[in-house]
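Student: Structure below; questions to follow.
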Amino acid sequence: MTAESRRVVILSHRAREAREATTPERGRFGIVFEALTALGARPEAALYHDDCCDRIRRQLLQVDGVLVWVNPEEGGRDRSILDAMLREVAAAGVFVSAHPDVILKMGTKEVLYETRTLGWGCDTHRYRSSADLRRELPARLAAGGARVLKQNRGHGGDGVWEVALAD
């Protein structure tokens, strides 16, 4: 099979796409569809919801790869059903971007701390407990400026706070 004939699914969450009232090809992934098509691939959409997991599994087992854009939590649900299905699909030989096992390792804010000395890193600290936070944060705030606190997991700005000393 040539690279030009590869079928690639762009998997996103059905509820989000419905809120955006557009087709995936014309919505926020339009440029991805265009880029894949320009490379000669055959992109297609899959709108995921736990209720249609079996249908999506059958679709994914027929393609070469899947690009996954589904938040850890969406519409009050987590990715446990989706992740189990993606593991099955990957084990069957389909390339799965954002493989669930990789996300478990990198999908936390821990990666920001572990990579803080690399080119994209910054002044990053980790608080392993609320006691650590109470003990260490006041001195950092007193040194000047605001700090951004992020919970270990989150997406789309959920669980992110800017903290500064009050005047």
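Starting from 1 in every chain, residues are counted up; chains themselves are A, B, ... following the order of the structure tokens, and ligands are numbered from 1 as listed.
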Give me the residues near segment 87-99 of chain A as a VMD selection string, where near means some atom within 12 Å (using only C-alpha atoms) and where sequence neighbours in that chain fewer than 4 positions away do not count.
Tutor: chain A and resid 6 to 11 53 to 54 56 to 72 79 to 83 103 to 107
Student: Please return as a ChimeraX atom specification: the residues of segment 8-139 of chain A that backbone DSSP assigns to strand (DSSP E).
Tutor: /A:8-13,42-48,65-69,73-74,77-78,95-96
Student: What are the DSSP alpha helix (DSSP H) residues of segment 40-156 of chain A, as a PyMOL selection string?
Tutor: chain A and resi 53-60+80-91+100-106+110-114+130-142
Student: Might you pull out every residue within 8 Å of Leu141 of chain A, with only C-alpha atoms counted and same-chain residues fewer than 4 positions away left off, and present them as a PDB file with N, CA, C and O atoms, in the first residue's frame?
Tutor:
ATOM      1  N   LEU A 137       4.513  27.561  48.347  1.00  0.00           N
ATOM      2  CA  LEU A 137       3.945  28.583  47.473  1.00  0.00           C
ATOM      3  C   LEU A 137       4.068  30.001  48.030  1.00  0.00           C
ATOM      4  O   LEU A 137       4.406  30.921  47.274  1.00  0.00           O
ATOM      5  N   GLY A 145       5.443  38.533  41.536  1.00  0.00           N
ATOM      6  CA  GLY A 145       4.661  38.044  40.403  1.00  0.00           C
ATOM      7  C   GLY A 145       3.656  36.985  40.768  1.00  0.00           C
ATOM      8  O   GLY A 145       3.612  36.485  41.890  1.00  0.00           O
ATOM      9  N   ALA A 146       2.862  36.678  39.820  1.00  0.00           N
ATOM     10  CA  ALA A 146       1.838  35.653  39.989  1.00  0.00           C
ATOM     11  C   ALA A 146       2.414  34.289  39.623  1.00  0.00           C
ATOM     12  O   ALA A 146       3.439  34.187  38.956  1.00  0.00           O
ATOM     13  N   ARG A 147       1.755  33.257  40.076  1.00  0.00           N
ATOM     14  CA  ARG A 147       2.089  31.877  39.713  1.00  0.00           C
ATOM     15  C   ARG A 147       0.846  31.250  39.086  1.00  0.00           C
ATOM     16  O   ARG A 147      -0.271  31.627  39.415  1.00  0.00           O
ATOM     17  N   ALA A 164      -1.877  35.174  42.960  1.00  0.00           N
ATOM     18  CA  ALA A 164      -0.961  36.280  43.285  1.00  0.00           C
ATOM     19  C   ALA A 164      -1.282  36.749  44.698  1.00  0.00           C
ATOM     20  O   ALA A 164      -2.385  36.511  45.219  1.00  0.00           O
ATOM     21  N   LEU A 165      -0.315  37.425  45.317  1.00  0.00           N
ATOM     22  CA  LEU A 165      -0.570  37.998  46.629  1.00  0.00           C
ATOM     23  C   LEU A 165      -1.567  39.148  46.505  1.00  0.00           C
ATOM     24  O   LEU A 165      -1.521  39.922  45.545  1.00  0.00           O
TER      25      LEU A 165
END
Student: Find, counting only C-alpha atoms, the residue in A:Pro43, A:Pro100, A:Gly30, A:Pro138 that gets nearest to Leu86 of chain A.
Tutor: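 Closest candidate: A:Pro100.
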Student: Please measure the separation of atom CA of Ala166 of chain A and atom CA of Gly121 of chain A, giving the value in Å to one decimal.
Tutor: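 Interatomic distance, atom CA of Ala166 of chain A to atom CA of Gly121 of chain A: 27.4 Å.
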Student: Within 12 Å of Lys109 of chain A, counting only C-alpha atoms, which residues qualify if same-chain residues fewer than 5 places away don't, as a list of chain:residue names?
Tutor: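 Surrounding residues, per the criterion: A:Ile103, A:Leu104, A:Glu114, A:Thr115, A:Arg116, A:Thr124, A:His125, A:Arg126, A:Tyr127, A:Arg128, A:Leu149, A:Lys150, A:Gln151, A:Asn152, A:Arg153, A:Gly154, A:His155, A:Gly159, A:Val160.
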